[in-house]
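**Student:** If it helps, the file is called target-v5.tsv and holds TSV, C-alpha atoms:
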```tsv
chain	number	residue	atom	x	y	z
W	1	MET	CA	-70.15	-118.76	-79.18
W	2	ASN	CA	-70.87	-120.35	-82.54
W	3	LEU	CA	-72.58	-123.68	-81.84
W	4	TYR	CA	-70.51	-125.32	-84.60
W	5	SER	CA	-67.28	-124.49	-82.76
W	6	MET	CA	-68.32	-126.78	-79.91
W	7	HIS	CA	-67.91	-129.85	-82.13
W	8	ASN	CA	-64.71	-131.73	-82.87
W	9	ILE	CA	-64.66	-133.11	-86.42
W	10	ALA	CA	-62.06	-135.04	-88.41
W	11	ILE	CA	-61.20	-133.97	-91.94
W	12	ILE	CA	-59.60	-136.83	-93.88
W	13	SER	CA	-57.33	-136.31	-96.88
W	14	TYR	CA	-55.26	-138.70	-98.99
W	15	ASN	CA	-52.53	-136.04	-99.21
W	16	TYR	CA	-51.28	-133.50	-96.69
W	17	ASP	CA	-50.26	-130.42	-98.63
W	18	LYS	CA	-50.75	-131.12	-102.32
W	19	TYR	CA	-50.50	-127.80	-104.17
W	20	SER	CA	-53.59	-128.48	-106.29
W	21	GLU	CA	-55.88	-129.26	-103.34
W	22	THR	CA	-56.41	-125.76	-102.01
W	23	PHE	CA	-60.09	-126.63	-101.60
W	24	ILE	CA	-59.21	-129.13	-98.85
W	25	HIS	CA	-56.76	-126.75	-97.18
W	26	ASN	CA	-59.52	-124.13	-97.10
W	27	LEU	CA	-61.91	-126.52	-95.35
W	28	VAL	CA	-59.36	-127.23	-92.64
W	29	LYS	CA	-58.80	-123.50	-92.20
W	30	HIS	CA	-62.35	-122.15	-92.48
W	31	LEU	CA	-64.92	-124.77	-91.39
W	32	PRO	CA	-66.37	-123.43	-88.11
W	33	PHE	CA	-65.55	-126.55	-86.07
W	34	ARG	CA	-62.56	-127.74	-84.08
W	35	SER	CA	-61.02	-129.58	-87.02
W	36	HIS	CA	-58.57	-132.46	-86.72
W	37	TYR	CA	-56.73	-132.95	-90.01
W	38	LEU	CA	-55.87	-136.64	-90.56
W	39	TYR	CA	-53.97	-137.46	-93.73
W	40	GLY	CA	-51.58	-139.69	-95.65
W	41	GLY	CA	-53.02	-142.56	-97.70
W	42	GLU	CA	-56.37	-144.35	-97.78
W	43	LEU	CA	-56.22	-144.97	-94.02
W	44	PRO	CA	-54.65	-141.79	-92.61
W	45	GLU	CA	-51.05	-142.24	-91.56
W	46	TYR	CA	-50.81	-139.01	-89.53
W	47	ASP	CA	-53.05	-137.65	-86.80
W	48	GLY	CA	-54.13	-134.08	-86.04
W	49	ASN	CA	-50.79	-133.41	-84.32
W	50	ARG	CA	-48.84	-134.59	-87.37
W	51	GLN	CA	-47.72	-137.69	-85.50
W	52	LYS	CA	-47.82	-141.16	-87.03
W	53	PHE	CA	-50.65	-143.35	-85.80
W	54	LEU	CA	-48.18	-146.24	-85.73
W	55	SER	CA	-44.91	-144.95	-84.35
W	56	GLU	CA	-41.69	-146.57	-85.56
W	57	LYS	CA	-39.66	-145.18	-82.66
W	58	GLY	CA	-37.88	-147.35	-80.11
W	59	PHE	CA	-40.04	-149.84	-78.26
W	60	ASP	CA	-43.15	-148.95	-80.32
W	61	LYS	CA	-41.67	-150.86	-83.25
W	62	VAL	CA	-41.17	-153.93	-81.05
W	63	ILE	CA	-44.79	-153.78	-79.85
W	64	ILE	CA	-46.05	-153.67	-83.45
W	65	ALA	CA	-43.92	-156.71	-84.34
W	66	LEU	CA	-45.09	-158.66	-81.28
W	67	LYS	CA	-48.73	-158.01	-82.09
W	68	GLU	CA	-48.13	-159.14	-85.66
W	69	TRP	CA	-46.53	-162.31	-84.29
W	70	VAL	CA	-49.69	-163.16	-82.31
W	71	GLY	CA	-51.91	-162.54	-85.34
W	72	VAL	CA	-52.89	-158.86	-85.22
W	73	SER	CA	-51.95	-157.46	-88.61
W	74	ARG	CA	-50.20	-154.14	-88.97
W	75	TYR	CA	-53.26	-152.79	-90.83
W	76	THR	CA	-55.57	-153.80	-87.98
W	77	GLN	CA	-53.27	-152.11	-85.47
W	78	HIS	CA	-53.33	-149.01	-87.65
W	79	GLN	CA	-57.14	-149.00	-87.72
W	80	GLN	CA	-57.24	-149.48	-83.95
W	81	ALA	CA	-54.91	-146.50	-83.46
W	82	VAL	CA	-57.11	-144.31	-85.65
W	83	GLU	CA	-60.24	-145.43	-83.78
W	84	LYS	CA	-58.58	-144.74	-80.43
W	85	TYR	CA	-57.67	-141.22	-81.60
W	86	LEU	CA	-61.22	-140.48	-82.76
W	87	LEU	CA	-62.68	-141.59	-79.44
W	88	LYS	CA	-60.05	-139.83	-77.32
W	89	HIS	CA	-60.75	-136.52	-79.07
W	90	GLU	CA	-64.54	-137.02	-79.05
W	91	ILE	CA	-64.86	-136.65	-82.80
W	92	LYS	CA	-68.51	-135.91	-83.60
W	93	ALA	CA	-68.32	-136.31	-87.40
W	94	ILE	CA	-65.89	-137.36	-90.11
W	95	HIS	CA	-65.58	-135.52	-93.40
W	96	ALA	CA	-63.71	-137.79	-95.85
W	97	ASN	CA	-62.35	-136.30	-99.05
W	98	TYR	CA	-62.49	-138.83	-101.92
W	99	ALA	CA	-64.25	-142.15	-101.41
W	100	ILE	CA	-61.08	-144.17	-100.86
W	101	THR	CA	-60.40	-142.36	-97.57
W	102	ALA	CA	-63.93	-143.15	-96.38
W	103	PHE	CA	-63.81	-146.92	-96.98
W	104	PRO	CA	-61.36	-147.80	-94.14
W	105	LEU	CA	-63.39	-145.74	-91.65
W	106	MET	CA	-66.88	-147.09	-92.37
W	107	ASP	CA	-66.90	-149.85	-89.73
W	108	ILE	CA	-65.24	-147.56	-87.16
W	109	CYS	CA	-68.03	-145.04	-87.72
W	110	LEU	CA	-70.74	-147.67	-87.42
W	111	ARG	CA	-69.27	-149.13	-84.21
W	112	ASN	CA	-69.04	-145.75	-82.54
W	113	ASN	CA	-72.04	-143.98	-84.06
W	114	ILE	CA	-69.89	-141.31	-85.70
W	115	PRO	CA	-71.61	-139.78	-88.75
W	116	LEU	CA	-69.57	-140.07	-91.95
W	117	ILE	CA	-69.80	-137.46	-94.69
W	118	VAL	CA	-67.99	-138.39	-97.91
W	119	HIS	CA	-66.95	-135.70	-100.39
W	120	PHE	CA	-66.58	-136.79	-104.03
W	121	ARG	CA	-64.45	-134.41	-106.10
W	122	GLY	CA	-63.48	-136.20	-109.30
W	123	TRP	CA	-61.72	-139.46	-109.98
W	124	THR	CA	-63.29	-141.65	-107.27
W	125	ALA	CA	-66.70	-140.92	-108.77
W	126	TYR	CA	-65.72	-141.87	-112.31
W	127	ARG	CA	-62.51	-143.85	-112.84
W	128	SER	CA	-63.59	-147.29	-114.08
W	129	THR	CA	-60.72	-149.24	-112.48
W	130	THR	CA	-61.45	-147.68	-109.07
W	131	LEU	CA	-65.18	-148.36	-109.34
W	132	GLU	CA	-64.50	-152.01	-110.23
W	133	LYS	CA	-61.93	-152.53	-107.46
W	134	TYR	CA	-64.12	-151.09	-104.70
W	135	ARG	CA	-67.59	-152.07	-105.95
W	136	LYS	CA	-68.75	-153.59	-102.65
W	137	ASP	CA	-67.25	-150.71	-100.66
W	138	TYR	CA	-69.25	-148.19	-102.71
W	139	ASP	CA	-72.46	-150.10	-101.95
W	140	HIS	CA	-71.65	-150.14	-98.23
W	141	LEU	CA	-70.67	-146.46	-98.26
W	142	PHE	CA	-73.85	-145.29	-99.95
W	143	ASP	CA	-75.86	-147.30	-97.42
W	144	MET	CA	-74.16	-146.05	-94.24
W	145	ALA	CA	-72.94	-142.52	-95.05
W	146	LYS	CA	-75.01	-139.75	-93.48
W	147	ALA	CA	-74.39	-137.44	-96.45
W	148	VAL	CA	-72.71	-137.65	-99.83
W	149	VAL	CA	-71.30	-134.40	-101.18
W	150	CYS	CA	-70.34	-133.87	-104.82
W	151	VAL	CA	-69.29	-130.87	-106.87
W	152	SER	CA	-71.41	-130.93	-110.03
W	153	HIS	CA	-74.74	-132.00	-111.49
W	154	ASP	CA	-72.93	-134.44	-113.76
W	155	MET	CA	-71.31	-136.07	-110.72
W	156	LYS	CA	-74.66	-136.32	-108.96
W	157	LYS	CA	-76.05	-138.28	-111.91
W	158	GLN	CA	-73.00	-140.53	-111.85
W	159	LEU	CA	-73.33	-141.27	-108.13
W	160	MET	CA	-77.02	-142.07	-108.54
W	161	SER	CA	-76.15	-144.47	-111.36
W	162	LEU	CA	-73.77	-146.20	-108.92
W	163	GLY	CA	-76.61	-146.67	-106.45
W	164	CYS	CA	-76.39	-143.66	-104.15
W	165	PRO	CA	-79.83	-142.51	-102.93
W	166	GLU	CA	-80.65	-139.08	-104.35
W	167	ASN	CA	-81.82	-137.75	-100.98
W	168	LYS	CA	-78.30	-138.21	-99.55
W	169	ILE	CA	-76.55	-136.18	-102.24
W	170	GLN	CA	-75.65	-132.51	-101.84
W	171	ILE	CA	-74.03	-130.54	-104.69
W	172	ILE	CA	-71.45	-128.18	-103.19
W	173	PRO	CA	-68.68	-126.90	-105.51
W	174	SER	CA	-65.54	-125.79	-103.70
W	175	GLY	CA	-65.86	-122.21	-104.97
W	176	ALA	CA	-63.43	-119.38	-105.66
W	177	ASN	CA	-61.73	-117.37	-102.96
W	178	THR	CA	-63.17	-114.01	-103.98
W	179	GLU	CA	-60.88	-112.17	-101.56
W	180	ILE	CA	-57.91	-113.21	-103.72
W	181	PHE	CA	-59.52	-113.51	-107.14
W	182	THR	CA	-61.02	-110.04	-107.48
W	183	TYR	CA	-62.54	-108.61	-110.64
W	184	SER	CA	-60.71	-106.48	-113.17
W	185	ASP	CA	-61.25	-105.62	-116.83
W	186	HIS	CA	-58.91	-107.71	-119.03
W	187	SER	CA	-60.08	-106.49	-122.40
W	188	ALA	CA	-57.11	-104.14	-122.93
W	189	ASN	CA	-54.54	-106.84	-122.13
W	190	PRO	CA	-52.32	-108.33	-124.86
W	191	PRO	CA	-53.48	-111.69	-126.29
W	192	VAL	CA	-52.09	-113.82	-123.47
W	193	PHE	CA	-53.96	-117.04	-122.76
W	194	LEU	CA	-53.56	-118.67	-119.35
W	195	SER	CA	-53.96	-122.34	-118.42
W	196	ALA	CA	-53.65	-123.35	-114.76
W	197	GLY	CA	-53.90	-126.98	-113.75
W	198	ARG	CA	-52.12	-130.28	-113.31
W	199	PHE	CA	-50.51	-131.77	-116.41
W	200	CYS	CA	-52.82	-134.78	-116.33
W	201	ASP	CA	-55.15	-136.76	-118.59
W	202	THR	CA	-58.44	-135.10	-117.61
W	203	LYS	CA	-57.13	-131.59	-118.29
W	204	ASN	CA	-55.45	-132.47	-121.61
W	205	PRO	CA	-52.91	-129.64	-121.66
W	206	HIS	CA	-51.55	-130.95	-124.97
W	207	LEU	CA	-54.92	-130.25	-126.60
W	208	SER	CA	-54.85	-126.66	-125.32
W	209	ILE	CA	-51.41	-126.35	-126.94
W	210	LEU	CA	-52.71	-127.76	-130.23
W	211	ALA	CA	-55.61	-125.31	-130.22
W	212	PHE	CA	-53.29	-122.43	-129.38
W	213	SER	CA	-50.92	-123.34	-132.23
W	214	LYS	CA	-53.84	-123.11	-134.65
W	215	ALA	CA	-54.97	-119.76	-133.21
W	216	LEU	CA	-51.44	-118.39	-133.66
W	217	LYS	CA	-51.94	-118.38	-137.42
W	218	GLN	CA	-54.44	-115.54	-137.00
W	219	ILE	CA	-53.00	-113.91	-133.87
W	220	PRO	CA	-49.22	-114.39	-134.21
W	221	GLU	CA	-48.49	-112.04	-131.30
W	222	ALA	CA	-50.33	-114.33	-128.84
W	223	LYS	CA	-48.73	-116.24	-125.97
W	224	LEU	CA	-49.85	-119.19	-123.85
W	225	ILE	CA	-48.83	-119.41	-120.19
W	226	MET	CA	-49.19	-122.83	-118.55
W	227	VAL	CA	-49.14	-123.24	-114.76
W	228	GLY	CA	-49.17	-126.51	-112.83
W	229	GLY	CA	-47.28	-129.56	-111.65
W	230	ASP	CA	-46.41	-132.61	-113.71
W	231	GLU	CA	-48.66	-135.66	-113.61
W	232	ASN	CA	-47.10	-137.52	-116.55
W	233	LEU	CA	-47.83	-135.07	-119.39
W	234	LEU	CA	-45.42	-132.17	-118.90
W	235	CYS	CA	-42.51	-133.65	-120.90
W	236	ALA	CA	-44.87	-134.58	-123.73
W	237	CYS	CA	-46.24	-131.02	-123.76
W	238	VAL	CA	-42.75	-129.51	-123.93
W	239	SER	CA	-41.88	-131.87	-126.80
W	240	LEU	CA	-45.12	-131.02	-128.58
W	241	CYS	CA	-44.28	-127.30	-128.43
W	242	LYS	CA	-40.94	-128.03	-130.07
W	243	ALA	CA	-42.55	-130.18	-132.75
W	244	LEU	CA	-45.08	-127.45	-133.52
W	245	LYS	CA	-42.31	-124.81	-133.44
W	246	VAL	CA	-44.17	-122.76	-130.80
W	247	GLU	CA	-41.70	-123.18	-127.92
W	248	ASP	CA	-41.05	-119.42	-127.90
W	249	LYS	CA	-44.80	-118.78	-127.56
W	250	VAL	CA	-45.64	-121.22	-124.76
W	251	ILE	CA	-44.32	-120.48	-121.26
W	252	PHE	CA	-44.28	-123.18	-118.57
W	253	LYS	CA	-44.37	-121.69	-115.07
W	254	GLY	CA	-44.54	-124.83	-112.91
W	255	VAL	CA	-46.29	-124.75	-109.54
W	256	VAL	CA	-47.13	-121.27	-108.22
W	257	THR	CA	-49.13	-119.83	-105.32
W	258	GLN	CA	-52.73	-118.68	-105.56
W	259	GLN	CA	-51.60	-115.07	-105.35
W	260	GLU	CA	-49.17	-115.65	-108.23
W	261	ILE	CA	-51.93	-117.27	-110.28
W	262	PHE	CA	-54.10	-114.21	-109.68
W	263	GLU	CA	-51.31	-111.92	-110.87
W	264	LEU	CA	-50.99	-114.01	-114.03
W	265	MET	CA	-54.75	-113.85	-114.51
W	266	LYS	CA	-54.75	-110.10	-114.06
W	267	ASN	CA	-52.36	-109.75	-116.99
W	268	SER	CA	-54.02	-112.26	-119.32
W	269	LEU	CA	-56.81	-111.91	-121.84
W	270	ALA	CA	-58.54	-115.28	-121.40
W	271	TYR	CA	-58.36	-118.59	-119.58
W	272	VAL	CA	-58.21	-121.90	-121.50
W	273	GLN	CA	-58.81	-125.49	-120.41
W	274	HIS	CA	-59.48	-128.51	-122.61
W	275	SER	CA	-60.95	-130.98	-120.11
W	276	ALA	CA	-62.19	-134.26	-121.54
W	277	VAL	CA	-63.26	-137.77	-120.50
W	278	THR	CA	-60.32	-140.20	-120.32
W	279	ILE	CA	-60.14	-143.79	-121.58
W	280	LEU	CA	-60.94	-144.87	-117.99
W	281	ASN	CA	-64.10	-142.72	-118.05
W	282	GLU	CA	-62.52	-140.28	-115.59
W	283	LYS	CA	-63.86	-136.73	-115.50
W	284	GLU	CA	-63.18	-133.46	-113.72
W	285	GLY	CA	-65.33	-132.24	-110.88
W	286	THR	CA	-65.94	-128.49	-111.10
W	287	PRO	CA	-62.43	-127.09	-111.60
W	288	ASN	CA	-61.50	-124.42	-109.07
W	289	SER	CA	-59.29	-122.72	-111.63
W	290	VAL	CA	-62.29	-122.11	-113.89
W	291	MET	CA	-64.24	-120.49	-111.04
W	292	GLU	CA	-61.20	-118.44	-110.02
W	293	ALA	CA	-60.67	-117.22	-113.59
W	294	CYS	CA	-64.33	-116.20	-113.82
W	295	SER	CA	-64.15	-114.42	-110.48
W	296	SER	CA	-61.13	-112.49	-111.78
W	297	GLY	CA	-63.09	-111.33	-114.82
W	298	LEU	CA	-61.40	-113.56	-117.38
W	299	VAL	CA	-63.29	-115.06	-120.28
W	300	VAL	CA	-63.11	-118.84	-119.95
W	301	ILE	CA	-62.53	-120.81	-123.15
W	302	ALA	CA	-63.13	-124.47	-122.33
W	303	THR	CA	-64.98	-127.66	-123.21
W	304	ARG	CA	-68.50	-128.90	-122.55
W	305	HIS	CA	-67.28	-131.12	-119.76
W	306	ALA	CA	-68.79	-132.14	-116.40
W	307	GLY	CA	-68.90	-129.29	-113.85
W	308	ILE	CA	-67.53	-126.69	-116.27
W	309	MET	CA	-71.03	-126.54	-117.74
W	310	ASP	CA	-72.44	-125.69	-114.29
W	311	VAL	CA	-70.29	-122.56	-114.10
W	312	ILE	CA	-70.14	-121.37	-117.71
W	313	ILE	CA	-73.25	-120.18	-119.50
W	314	GLU	CA	-72.35	-120.39	-123.17
W	315	GLU	CA	-72.13	-117.07	-125.00
W	316	GLU	CA	-72.84	-115.24	-121.74
W	317	THR	CA	-70.04	-116.00	-119.30
W	318	GLY	CA	-67.67	-117.95	-121.53
W	319	LEU	CA	-67.12	-119.93	-124.72
W	320	LEU	CA	-67.32	-123.72	-124.84
W	321	CYS	CA	-66.67	-126.34	-127.49
W	322	ASN	CA	-66.99	-130.11	-127.68
W	323	GLU	CA	-64.28	-132.26	-126.16
W	324	PHE	CA	-61.32	-132.90	-128.51
W	325	ASP	CA	-62.48	-130.21	-130.97
W	326	VAL	CA	-59.24	-128.22	-131.06
W	327	ASP	CA	-60.35	-126.30	-134.17
W	328	ALA	CA	-63.38	-124.91	-132.32
W	329	MET	CA	-61.26	-124.02	-129.29
W	330	ALA	CA	-58.79	-122.21	-131.56
W	331	ALA	CA	-61.64	-120.30	-133.17
W	332	ASN	CA	-62.86	-119.22	-129.72
W	333	MET	CA	-59.38	-117.95	-128.84
W	334	VAL	CA	-59.25	-115.91	-132.04
W	335	ARG	CA	-62.75	-114.60	-131.42
W	336	VAL	CA	-61.88	-113.26	-127.97
W	337	ALA	CA	-58.58	-111.78	-129.16
W	338	LYS	CA	-60.33	-109.87	-131.96
W	339	ASP	CA	-63.47	-108.81	-130.07
W	340	ARG	CA	-62.41	-107.00	-126.91
W	341	ALA	CA	-65.92	-105.75	-126.19
W	342	LEU	CA	-66.99	-109.39	-126.00
W	343	ALA	CA	-64.11	-110.14	-123.63
W	344	ASN	CA	-65.14	-107.29	-121.36
W	345	LYS	CA	-68.82	-108.19	-121.35
W	346	MET	CA	-68.32	-111.90	-120.71
W	347	GLY	CA	-65.69	-111.26	-118.04
W	348	MET	CA	-68.05	-109.00	-116.11
W	349	GLN	CA	-70.91	-111.48	-116.34
W	350	ALA	CA	-68.65	-114.39	-115.35
W	351	SER	CA	-67.42	-112.58	-112.25
W	352	LYS	CA	-70.95	-111.70	-111.25
W	353	ARG	CA	-72.14	-115.31	-111.67
W	354	VAL	CA	-69.34	-116.72	-109.53
W	355	GLY	CA	-69.97	-114.10	-106.87
W	356	GLU	CA	-73.61	-115.14	-106.72
W	357	HIS	CA	-73.26	-118.93	-106.90
W	358	PHE	CA	-69.68	-120.26	-106.68
W	359	THR	CA	-67.72	-118.69	-103.84
W	360	MET	CA	-65.60	-120.43	-101.23
W	361	LYS	CA	-67.65	-118.70	-98.51
W	362	GLN	CA	-70.85	-120.25	-99.86
W	363	CYS	CA	-69.16	-123.66	-99.98
W	364	ILE	CA	-68.07	-123.39	-96.34
W	365	GLU	CA	-71.54	-122.32	-95.22
W	366	LYS	CA	-73.32	-125.13	-97.10
W	367	LEU	CA	-70.88	-127.83	-96.00
W	368	SER	CA	-71.01	-126.61	-92.39
W	369	ALA	CA	-74.79	-127.02	-92.46
W	370	VAL	CA	-74.51	-130.56	-93.87
W	371	ILE	CA	-72.02	-131.57	-91.16
W	372	GLU	CA	-74.06	-129.97	-88.38
W	373	GLN	CA	-77.21	-131.72	-89.58
W	374	ALA	CA	-75.39	-135.07	-89.65
W	375	ILE	CA	-74.24	-134.52	-86.06
W	376	SER	CA	-77.66	-133.43	-84.82
W	377	LYS	CA	-79.34	-136.51	-86.30
```
How does the structure come out when it is put into structure tokens?
**Tutor:**
Amino acid sequence: MNLYSMHNIAIISYNYDKYSETFIHNLVKHLPFRSHYLYGGELPEYDGNRQKFLSEKGFDKVIIALKEWVGVSRYTQHQQAVEKYLLKHEIKAIHANYAITAFPLMDICLRNNIPLIVHFRGWTAYRSTTLEKYRKDYDHLFDMAKAVVCVSHDMKKQLMSLGCPENKIQIIPSGANTEIFTYSDHSANPPVFLSAGRFCDTKNPHLSILAFSKALKQIPEAKLIMVGGDENLLCACVSLCKALKVEDKVIFKGVVTQQEIFELMKNSLAYVQHSAVTILNEKEGTPNSVMEACSSGLVVIATRHAGIMDVIIEEETGLLCNEFDVDAMAANMVRVAKDRALANKMGMQASKRVGEHFTMKQCIEKLSAVIEQAISK
């Protein structure tokens, strides 16, 4: 028997089944422990059986109200229910995704000697308003956490600047599922550019559209396919396409499955993403879509941003430009469309690099070792 499988661990997530968080779903599915998935808000609302920690059914609701009447707040009752669950199921370690899900569990972990591993993935490492709001919690977390996992070298520097000891930090990108995103040669494909990601500020889909509209002047047969759910920018992007008179060239696919994304990748020429720092200093982690595109053999055309620079070696496995430089991104699109030998060469090298350094399997193995070490200590 695998020694890991003897341990019960809790995996904490703010969301349950958010389409863009396949990296968390994969941990629940593949980490070699008996995983209890607790989710729903900063303090998890649902337990590993998908039951609410605080039931609203029948007499349970009366009990909650009575306790509130004698001075035990609903939040305290909620924390007590979570703690009771952790002890009942003999949880040996907690893996909290995003810092805000770790904060409510810190004192529970200290009281019961349960090692806490916090996994930073993006916004809770950078967003200025979040860092200001939880300043004292970050200090406490960095002091008591057994391990701090992040997904890029840029994020490691950021966490150290916030006061996290370097010896606690492990860089573990989520990695591409290489069983789904398999290599193929895209160099004979028509000039179809693919963008897959949330319509949000860090990914700047509107800037990818602006760059594409400029590239169209030299490659009028090109198309841009955009995949992802709306996080406040989809309507603006649709309006921008109309204003630029490219609505017949840009196709919005909405949310699709990983297998559907792979099929779109297989029929595209290149992958584009214009990630950039927001006005709140928020950055990406290491985007899974970039690693998946590379694994599939697509040339990635992106920006010199955070974890993207860990994956892409410029002029070898992809083409990068400065943030907000839509002219340079457009030029890179044209370059790939007109130089198919370059597309083939870079796609092959990108797939090889991901296979060697950025696979989901490697992520699972590294994170398993971090959790096991935290338990053994």
**Student:** Would you please work out which residue, of W:Lys29, W:Lys67, W:His274, W:Lys366, is nearest to Asp201 (chain W) when using only C-alpha atoms?
**Tutor:** W:His274
**Student:** What lies within 12 Å of Arg34 (chain W) using only C-alpha atoms, ignoring chain neighbours under 6 positions off, as a PyMOL selection string?
**Tutor:** chain W and resi 2-11+27-28+48+89-94+368
**Student:** From the set W:Glu231, W:Glu292, W:Glu56, W:Glu83, which residue has the shortest atom-to-atom contact distance to Leu38 (chain W), counting all atoms listed in the file?
**Tutor:**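 Of the candidates, the smallest distance to Leu38 (chain W) is held by W:Glu83.
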**Student:** For region 116-153 of chain W versus region 96-102 of chain W, which residues have an atom no more than 7 Å away, and what is each residue's nearest atom pair and distance in Å rounded to one decimal, using only C-alpha atoms, chain-then-number order, as a tab-separated table?
**Tutor:**
```
residue	atom	partner	partner_atom	distance
W:Ile117	CA	W:Ala96	CA	6.2
W:Val118	CA	W:Ala96	CA	4.8
W:His119	CA	W:Asn97	CA	4.8
W:Phe120	CA	W:Tyr98	CA	5.0
W:Arg121	CA	W:Tyr98	CA	6.4
W:Thr124	CA	W:Ala99	CA	6.0
```
**Student:** Quick check, in Å to one decimal: how far apart do CA of Asn15 (chain W) and CA of Phe53 (chain W) lie?
**Tutor:**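 These two atoms are separated by 15.4 Å.
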**Student:** May I have the residues within 9 Å of Val290 (chain W) as a list in words, using only C-alpha atoms and disregarding those fewer than 5 positions away in the same chain?
**Tutor:**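 Listed by chain and then number, they are Ala176, Ala196, Tyr271, Val272, Gln273, Ser295, Val300, Ala302, Ile308, Val311 and Ile312 of chain W.
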**Student:** Have a look at W:Val72, W:Ala145, W:Val192, W:Val326 and name the one nearest to Pro205 (chain W); count all atoms listed in the file.
**Tutor:**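 The shortest atom-to-atom distance to Pro205 (chain W) comes from W:Val326.
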**Student:** Quick one: distance from CA of Ile251 (chain W) to CA of Gln349 (chain W) in Å, one decimal?
**Tutor:**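 Rounded to one decimal, the two atoms are 28.5 Å apart.
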**Student:** Using all atoms listed in the file, can you tell me which of W:Ser187, W:Thr129, W:Thr278, W:Ser152 comes closest to Met346 (chain W)?
**Tutor:**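 Comparing W:Ser187, W:Thr129, W:Thr278, W:Ser152 against Met346 (chain W), the winner is W:Ser187.
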**Student:** So, with all atoms listed in the file as the atoms that count, which of W:Ala147, W:Leu131, W:Val238, W:Met265 lies closest to Ser161 (chain W)?
**Tutor:** W:Leu131
**Student:** Just how far from CA of Phe103 (chain W) is CA of Gly71 (chain W), in Å to one decimal?
**Tutor:**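 According to the coordinates, CA of Gly71 (chain W) and CA of Phe103 (chain W) are separated by 22.8 Å.
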**Student:** Counting only C-alpha atoms, which of W:Pro287, W:Gly40, W:Leu194, W:Ala306 gets nearest to Glu263 (chain W)?
**Tutor:** W:Leu194
**Student:** Compile a residue-level contact table for region 129-223 of chain W against region 337-340 of chain W at a cut-off of 10 Å, reporting for every qualifying residue the shortest atom pair and its distance in Å to one decimal, with all atoms listed in the file counted, rows ordered by chain and ascending number, as CSV.
**Tutor:**
```
residue,atom,partner,partner_atom,distance
W:His186,CA,W:Arg340,CA,8.7
W:Ser187,CA,W:Arg340,CA,5.1
W:Ala188,CA,W:Arg340,CA,7.2
W:Asn189,CA,W:Arg340,CA,9.2
W:Pro190,CA,W:Ala337,CA,8.3
W:Pro191,CA,W:Ala337,CA,5.9
W:Val192,CA,W:Ala337,CA,8.9
W:Phe193,CA,W:Ala337,CA,9.5
W:Ala215,CA,W:Ala337,CA,9.6
W:Gln218,CA,W:Lys338,CA,9.6
W:Ile219,CA,W:Ala337,CA,7.6
W:Ala222,CA,W:Ala337,CA,8.6
```
